[in-house]
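What follows is run.cif (mmCIF, C-alpha atoms).
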```cif
data_upload
#
loop_
_atom_site.label_atom_id
_atom_site.label_comp_id
_atom_site.auth_asym_id
_atom_site.auth_seq_id
_atom_site.Cartn_x
_atom_site.Cartn_y
_atom_site.Cartn_z
CA MET A 1 281.54 313.48 -147.80
CA LYS A 2 282.37 316.29 -150.19
CA LYS A 3 280.58 314.53 -152.99
CA SER A 4 277.17 315.27 -151.57
CA GLU A 5 277.65 319.08 -151.41
CA LYS A 6 275.54 319.64 -154.46
CA ASN A 7 272.72 317.77 -152.89
CA LYS A 8 272.73 319.22 -149.45
CA ASP A 9 269.26 320.68 -149.83
CA ALA A 10 267.90 317.88 -151.95
CA THR A 11 266.14 314.74 -150.92
CA PRO A 12 268.36 311.84 -149.85
CA LEU A 13 270.05 310.04 -152.71
CA SER A 14 268.38 306.98 -154.10
CA LEU A 15 270.34 303.74 -154.14
CA GLN A 16 270.67 304.07 -157.90
CA GLU A 17 272.13 307.58 -157.60
CA ILE A 18 274.58 306.54 -154.95
CA ARG A 19 275.73 303.69 -157.12
CA GLU A 20 276.24 305.99 -160.08
CA ARG A 21 278.21 308.47 -158.00
CA ASN A 22 280.60 305.84 -156.78
CA GLU A 23 281.28 304.58 -160.23
CA PRO A 24 284.03 305.87 -162.45
CA GLY A 25 283.04 308.36 -165.11
CA GLU A 26 281.91 307.23 -168.51
CA ASN A 27 284.99 308.58 -170.23
CA GLU A 28 287.60 307.38 -167.82
CA VAL A 29 290.10 304.99 -169.36
CA TRP A 30 290.51 301.75 -167.47
CA GLN A 31 294.06 300.58 -166.92
CA LEU A 32 294.16 296.85 -166.43
CA ARG A 33 297.22 294.74 -165.87
CA LEU A 34 297.05 290.99 -166.35
CA TYR A 35 299.80 288.87 -164.84
CA VAL A 36 300.33 285.61 -166.73
CA ALA A 37 302.83 282.73 -166.70
CA GLY A 38 303.75 282.26 -170.35
CA GLN A 39 301.06 280.35 -172.20
CA THR A 40 299.66 278.15 -169.43
CA PRO A 41 296.05 277.13 -170.12
CA ARG A 42 294.67 279.38 -167.35
CA SER A 43 296.80 282.33 -168.49
CA VAL A 44 295.49 282.01 -172.03
CA ALA A 45 291.92 281.63 -170.76
CA ALA A 46 292.26 284.69 -168.53
CA PHE A 47 293.33 286.88 -171.42
CA ALA A 48 290.50 285.63 -173.65
CA ASN A 49 287.93 286.18 -170.88
CA LEU A 50 289.29 289.61 -170.01
CA LYS A 51 289.27 290.70 -173.64
CA ARG A 52 285.66 289.60 -174.01
CA ILE A 53 284.53 291.32 -170.81
CA CYS A 54 286.28 294.55 -171.80
CA GLU A 55 284.83 294.53 -175.31
CA ASP A 56 281.35 293.92 -173.90
CA HIS A 57 281.44 296.49 -171.12
CA LEU A 58 284.31 298.93 -171.64
CA ALA A 59 284.64 299.10 -175.42
CA GLY A 60 287.03 301.84 -176.50
CA ARG A 61 288.03 302.89 -172.99
CA TYR A 62 290.36 300.29 -171.65
CA ASN A 63 294.02 299.35 -171.79
CA ILE A 64 295.25 295.86 -171.06
CA GLU A 65 298.89 295.43 -170.15
CA VAL A 66 300.01 291.81 -170.07
CA VAL A 67 302.95 291.00 -167.80
CA ASP A 68 304.60 287.62 -168.32
CA LEU A 69 306.08 286.59 -164.97
CA VAL A 70 307.97 283.68 -166.50
CA LYS A 71 310.03 286.23 -168.41
CA HIS A 72 310.09 288.87 -165.67
CA PRO A 73 309.47 287.16 -162.31
CA GLN A 74 310.78 290.16 -160.39
CA LEU A 75 307.74 292.16 -161.54
CA ALA A 76 305.56 290.06 -159.20
CA ALA A 77 306.81 292.11 -156.26
CA GLY A 78 305.19 295.40 -157.31
CA ASP A 79 301.59 294.20 -157.07
CA GLN A 80 302.44 291.36 -154.67
CA ILE A 81 301.28 288.62 -157.03
CA LEU A 82 301.10 285.14 -155.58
CA ALA A 83 298.87 283.07 -157.88
CA ILE A 84 298.71 283.38 -161.66
CA PRO A 85 296.74 284.56 -163.55
CA THR A 86 295.86 287.65 -161.52
CA LEU A 87 294.23 290.79 -162.87
CA VAL A 88 294.99 294.17 -161.31
CA ARG A 89 292.78 297.19 -161.90
CA LYS A 90 295.23 300.10 -161.76
CA LEU A 91 292.69 302.72 -162.82
CA PRO A 92 290.13 303.76 -161.83
CA GLN A 93 291.30 303.96 -158.26
CA PRO A 94 291.19 302.25 -155.87
CA LEU A 95 293.37 299.40 -157.01
CA ARG A 96 291.60 296.05 -157.14
CA LYS A 97 292.86 292.52 -157.66
CA ILE A 98 291.09 289.52 -159.12
CA VAL A 99 292.78 286.15 -158.79
CA GLY A 100 291.97 283.48 -161.37
CA ASP A 101 291.11 283.09 -165.03
CA LEU A 102 287.90 285.20 -164.94
CA ARG A 103 285.80 282.26 -166.13
CA ASP A 104 282.86 283.49 -164.04
CA THR A 105 281.85 286.68 -165.80
CA GLU A 106 279.43 287.78 -163.06
CA ARG A 107 282.09 287.47 -160.41
CA ALA A 108 284.63 289.24 -162.60
CA LEU A 109 282.24 292.15 -163.17
CA VAL A 110 281.62 292.46 -159.44
CA GLY A 111 285.34 292.22 -158.73
CA LEU A 112 286.13 294.91 -161.27
CA GLN A 113 283.07 296.88 -160.20
CA ILE A 114 281.77 297.10 -163.72
CA ARG A 115 278.06 297.53 -163.86
CA PRO A 116 276.58 295.23 -166.51
CA ALA A 117 275.80 297.49 -169.48
CA ALA A 118 272.15 296.46 -169.74
CA MET A 119 271.38 297.45 -166.15
CA GLY A 120 272.51 301.03 -166.53
CA GLU A 121 270.25 302.07 -169.36
CA MET B 122 300.76 303.03 -153.95
CA LYS B 123 301.76 304.31 -150.51
CA SER B 124 298.32 304.26 -149.05
CA GLU B 125 297.20 305.97 -145.90
CA MET B 126 294.67 303.20 -145.59
CA PRO B 127 293.55 302.56 -142.04
CA GLU B 128 294.90 299.40 -140.47
CA VAL B 129 291.52 297.69 -140.35
CA GLU B 130 290.76 298.36 -144.00
CA ARG B 131 294.21 297.16 -144.96
CA SER B 132 293.83 293.87 -143.14
CA GLN B 133 290.34 293.42 -144.56
CA GLN B 134 291.78 293.79 -148.02
CA LEU B 135 294.55 291.28 -147.29
CA MET B 136 291.98 288.87 -145.94
CA GLU B 137 289.86 289.24 -149.05
CA GLU B 138 292.86 288.61 -151.28
CA ALA B 139 293.83 285.52 -149.32
CA GLU B 140 290.29 284.18 -149.58
CA GLN B 141 290.19 284.89 -153.30
CA THR B 142 293.48 283.08 -153.79
CA LEU B 143 292.32 280.04 -151.86
CA ARG B 144 289.09 279.89 -153.84
CA ALA B 145 291.02 280.21 -157.11
CA ILE B 146 293.27 277.29 -156.14
CA GLN B 147 290.27 275.23 -155.04
CA TYR B 148 288.44 275.77 -158.33
CA GLY B 149 291.56 275.45 -160.46
CA THR B 150 291.30 278.91 -162.00
CA VAL B 151 295.00 279.52 -161.42
CA ASP B 152 297.81 277.29 -162.65
CA ALA B 153 301.03 279.04 -161.66
CA PHE B 154 302.52 280.51 -158.50
CA VAL B 155 305.17 283.02 -157.62
CA VAL B 156 307.59 281.72 -155.02
CA GLU B 157 310.08 283.95 -153.25
CA GLU B 158 313.43 282.25 -153.09
CA PRO B 159 316.75 283.58 -151.83
CA GLU B 160 317.81 284.21 -155.45
CA GLY B 161 314.65 286.15 -156.14
CA HIS B 162 311.15 285.44 -157.43
CA ARG B 163 310.48 282.25 -159.32
CA VAL B 164 307.38 281.08 -161.13
CA TYR B 165 306.18 277.50 -160.77
CA THR B 166 303.56 276.24 -163.16
CA LEU B 167 301.26 273.30 -162.46
CA GLU B 168 300.54 272.26 -166.00
CA GLY B 169 303.56 273.70 -167.66
CA SER B 170 303.85 275.75 -170.78
CA ASP B 171 305.68 272.66 -172.08
CA LEU B 172 302.30 270.97 -172.54
CA PRO B 173 302.25 271.61 -176.32
CA TYR B 174 305.67 269.98 -176.64
CA SER B 175 304.73 266.83 -174.78
CA ALA B 176 301.50 266.60 -176.79
CA LEU B 177 303.57 266.89 -179.97
CA VAL B 178 305.92 264.08 -178.96
CA GLU B 179 303.06 261.87 -177.81
CA LYS B 180 301.04 262.28 -180.98
CA MET B 181 303.71 262.35 -183.66
CA GLN B 182 304.04 259.52 -186.16
CA GLN B 183 307.76 259.00 -185.60
CA GLY B 184 308.85 256.80 -182.78
CA ALA B 185 310.68 258.68 -180.05
CA ALA B 186 312.47 257.45 -176.98
CA MET B 187 314.63 258.86 -174.24
CA LEU B 188 317.55 256.73 -173.13
CA ASP B 189 319.81 257.00 -170.14
CA ALA B 190 323.60 256.86 -170.50
CA ARG B 191 323.57 253.05 -170.71
CA GLY B 192 320.97 252.95 -173.45
CA CYS B 193 318.13 251.97 -171.14
CA ILE B 194 314.72 253.30 -172.24
CA VAL B 195 313.32 255.82 -169.75
CA TYR B 196 310.59 257.20 -172.01
CA CYS B 197 309.05 256.04 -175.23
CA ASN B 198 306.16 257.52 -177.18
CA LEU B 199 303.12 255.68 -178.42
CA SER B 200 304.34 255.40 -182.03
CA LEU B 201 307.52 253.61 -181.02
CA ALA B 202 305.64 251.16 -178.83
CA GLN B 203 303.27 250.43 -181.71
CA LEU B 204 306.18 250.05 -184.11
CA LEU B 205 307.81 247.52 -181.80
CA GLY B 206 304.48 245.85 -181.16
CA VAL B 207 304.96 245.96 -177.41
CA GLU B 208 302.93 247.48 -174.58
CA ARG B 209 304.47 250.78 -173.64
CA GLU B 210 304.52 249.92 -169.95
CA THR B 211 306.75 246.93 -170.60
CA ILE B 212 309.28 248.85 -172.68
CA ILE B 213 310.34 251.33 -170.03
CA GLY B 214 313.44 250.03 -168.28
CA ARG B 215 314.53 247.77 -171.13
CA TYR B 216 317.54 248.33 -173.32
CA LEU B 217 316.83 249.62 -176.78
CA LEU B 218 319.64 247.32 -177.91
CA ASP B 219 317.37 244.34 -177.21
CA PHE B 220 315.11 245.44 -180.06
CA VAL B 221 317.96 245.91 -182.57
CA ALA B 222 318.67 243.14 -185.08
CA SER B 223 321.87 241.36 -184.00
CA GLU B 224 323.81 242.24 -187.22
CA ASP B 225 323.09 245.93 -186.66
CA ARG B 226 324.08 246.07 -183.01
CA PRO B 227 327.66 247.28 -183.64
CA ALA B 228 326.29 250.09 -185.80
CA TYR B 229 323.76 250.91 -183.09
CA GLU B 230 326.49 251.09 -180.44
CA ARG B 231 328.51 253.44 -182.64
CA LEU B 232 325.54 255.77 -182.99
CA LEU B 233 324.72 255.59 -179.29
CA HIS B 234 328.26 256.39 -178.21
CA GLY B 235 329.04 258.80 -181.04
CA ASN B 236 329.88 262.46 -180.65
CA PRO B 237 327.20 263.73 -178.25
CA ASN B 238 327.26 267.22 -179.70
CA VAL B 239 326.06 266.30 -183.15
CA SER B 240 323.02 264.43 -184.28
CA ASN B 241 324.00 260.85 -185.13
CA GLU B 242 321.91 259.26 -187.84
CA GLY B 243 321.96 255.85 -189.45
CA GLU B 244 319.90 252.96 -190.71
CA ILE B 245 319.23 250.32 -188.13
CA ARG B 246 316.98 247.29 -188.43
CA LEU B 247 314.70 246.49 -185.57
CA GLN B 248 313.74 242.96 -184.70
CA LEU B 249 310.15 242.49 -183.68
CA SER B 250 308.93 239.89 -181.22
CA ASP B 251 307.74 237.65 -184.06
CA GLY B 252 311.26 237.64 -185.47
CA SER B 253 310.56 239.91 -188.45
CA LEU B 254 312.89 242.77 -189.24
CA ILE B 255 311.97 246.31 -190.13
CA ALA B 256 314.36 248.89 -191.54
CA THR B 257 314.30 252.18 -189.64
CA ASN B 258 316.23 255.38 -189.61
CA PHE B 259 317.78 256.20 -186.24
CA SER B 260 318.69 259.63 -185.06
CA PHE B 261 320.40 260.21 -181.73
CA SER B 262 321.02 263.50 -180.04
CA LEU B 263 321.89 264.58 -176.55
#
```
Would you write out, as structure tokens, the structure that this file holds?
Amino acid sequence: MKKSEKNKDATPLSLQEIRERNEPGENEVWQLRLYVAGQTPRSVAAFANLKRICEDHLAGRYNIEVVDLVKHPQLAAGDQILAIPTLVRKLPQPLRKIVGDLRDTERALVGLQIRPAAMGE
Amino acid sequence: MKSEMPEVERSQQLMEEAEQTLRAIQYGTVDAFVVEEPEGHRVYTLEGSDLPYSALVEKMQQGAAMLDARGCIVYCNLSLAQLLGVERETIIGRYLLDFVASEDRPAYERLLHGNPNVSNEGEIRLQLSDGSLIATNFSFSL
């Protein structure tokens, strides 16, 4: 692990420190791609939930790209989308997928690996 | 992303995605699916994006019906059933002609079999089950 070079003579990392190290930097812009099917109820809900989560936890450092697979079904191949809505985290790496309308905020945060803002301070 | 991901990690990820998808279907948090067909990808929706349209037709004040080529009612909205004073379930399968006042039946036939490419409109009186007549404006289109 190259990451730990700085700490080679220090005490072992605490769980908190390890968690921080594995998380994307504060200034990194998140690239999120939401696959929807027109205006189906779950597609609409997914966008609303995603927008809220991003505003609450990633304000000012996220980009949401909405891909309508009804209009462009061939675009499903790229990220191998099967069920809709599906959210793909393009950045930060590694790529992660969350299937569903993100109604469960806790699960969405875990899936996206966003640390709830309150916990970090 | 052409990943150099080890085989085990790759299959773990696939497994996780499959589980997620199953859970999403089970809890109804997805409502459309991508299906690979010979002609390419197609999207199937459970509760279609046509939901607003059907709600509109169901709730609108005007009576609306869908007829087959012989004039048999295959769909009718709530307003039309109320206008005719008949249970909706009993209307489906009947001929709309049966509800038209006898003097207006020739006019009705002309509208029904008129030019299918234009909207055919005309005044037609409907005969209710109690024998009373009500004047209505008909509009047919294909």
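Here atom CA of A:Ala45 and atom CA of B:Thr142 stand 17.1 Å from one another.
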Check what the PyMOL selection byres ((chain A) within 7 of (chain B)) selects in the file above and give those residues as a short mmCIF file (atom, residue, chain, number, x, y, z; two decimals) with C-alpha atoms, in the frame of the given file.
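Saved as part-v4.cif:
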```cif
data_model
loop_
_atom_site.label_atom_id
_atom_site.label_comp_id
_atom_site.auth_asym_id
_atom_site.auth_seq_id
_atom_site.Cartn_x
_atom_site.Cartn_y
_atom_site.Cartn_z
CA ALA A 37 302.83 282.73 -166.70
CA GLY A 38 303.75 282.26 -170.35
CA GLN A 39 301.06 280.35 -172.20
CA THR A 40 299.66 278.15 -169.43
CA ARG A 42 294.67 279.38 -167.35
CA LEU A 69 306.08 286.59 -164.97
CA VAL A 70 307.97 283.68 -166.50
CA PRO A 73 309.47 287.16 -162.31
CA GLN A 74 310.78 290.16 -160.39
CA ILE A 81 301.28 288.62 -157.03
CA LEU A 82 301.10 285.14 -155.58
CA ALA A 83 298.87 283.07 -157.88
CA ILE A 84 298.71 283.38 -161.66
CA PRO A 85 296.74 284.56 -163.55
CA VAL A 99 292.78 286.15 -158.79
CA GLY A 100 291.97 283.48 -161.37
CA ASP A 101 291.11 283.09 -165.03
#
```
Name all residues at most 12 Å from A:Arg89 (count all atoms listed in the file; drop same-chain ones fewer than 2 positions away) and give them as a JSON list (two decimals) with C-alpha atoms, in the frame of the given file.
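Full text of selection.json as output:
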```json
[["chain", "number", "residue", "atom", "x", "y", "z"],
["A", 29, "VAL", "CA", 290.10, 304.99, -169.36],
["A", 30, "TRP", "CA", 290.51, 301.75, -167.47],
["A", 31, "GLN", "CA", 294.06, 300.58, -166.92],
["A", 32, "LEU", "CA", 294.16, 296.85, -166.43],
["A", 33, "ARG", "CA", 297.22, 294.74, -165.87],
["A", 34, "LEU", "CA", 297.05, 290.99, -166.35],
["A", 35, "TYR", "CA", 299.80, 288.87, -164.84],
["A", 50, "LEU", "CA", 289.29, 289.61, -170.01],
["A", 62, "TYR", "CA", 290.36, 300.29, -171.65],
["A", 63, "ASN", "CA", 294.02, 299.35, -171.79],
["A", 64, "ILE", "CA", 295.25, 295.86, -171.06],
["A", 65, "GLU", "CA", 298.89, 295.43, -170.15],
["A", 79, "ASP", "CA", 301.59, 294.20, -157.07],
["A", 86, "THR", "CA", 295.86, 287.65, -161.52],
["A", 87, "LEU", "CA", 294.23, 290.79, -162.87],
["A", 91, "LEU", "CA", 292.69, 302.72, -162.82],
["A", 92, "PRO", "CA", 290.13, 303.76, -161.83],
["A", 93, "GLN", "CA", 291.30, 303.96, -158.26],
["A", 94, "PRO", "CA", 291.19, 302.25, -155.87],
["A", 95, "LEU", "CA", 293.37, 299.40, -157.01],
["A", 96, "ARG", "CA", 291.60, 296.05, -157.14],
["A", 97, "LYS", "CA", 292.86, 292.52, -157.66],
["A", 98, "ILE", "CA", 291.09, 289.52, -159.12],
["A", 99, "VAL", "CA", 292.78, 286.15, -158.79],
["A", 108, "ALA", "CA", 284.63, 289.24, -162.60],
["A", 109, "LEU", "CA", 282.24, 292.15, -163.17],
["A", 111, "GLY", "CA", 285.34, 292.22, -158.73],
["A", 112, "LEU", "CA", 286.13, 294.91, -161.27],
["A", 113, "GLN", "CA", 283.07, 296.88, -160.20],
["A", 114, "ILE", "CA", 281.77, 297.10, -163.72]]
```
- Task: Can you give me, as a PyMOL selection string, the residues this file yields under the PyMOL selection byres ((chain B and resi 180) around 8)?
- Result: chain B and resi 176-179+181-182+198-200
- Task: Quick one: pull the distance between atom CA of B:Glu210 and atom CA of B:Leu254, Å, one decimal.
- Result: 22.2 Å
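With atom CA of B:Glu160 on one side and atom CA of A:Val88 on the other, the separation reads 25.6 Å.
With distances restricted to only C-alpha atoms, B:Gly243 is the closest residue to B:Ala228 from B:Glu208, B:Ser260, B:Gly243, B:Leu188.
Here the question is which of B:Asp251, B:Ser175, B:Ile212, B:Leu263 gets nearest to B:Asn236 using all atoms listed in the file, and that residue is B:Leu263.
Residues within 12 Å of B:Tyr229, counting only C-alpha atoms and excluding same-chain residues fewer than 4 positions away, are Gly192, Tyr216, Leu217, Leu218, Asp219, Phe220, Val221, Ala222, Ser223, Glu224, Asp225, Leu233, His234, Gly235, Asn241, Glu242, Gly243, Glu244, Ile245, Arg246, Leu247, Thr257, Asn258, Phe259, Ser260 and Phe261 of chain B.
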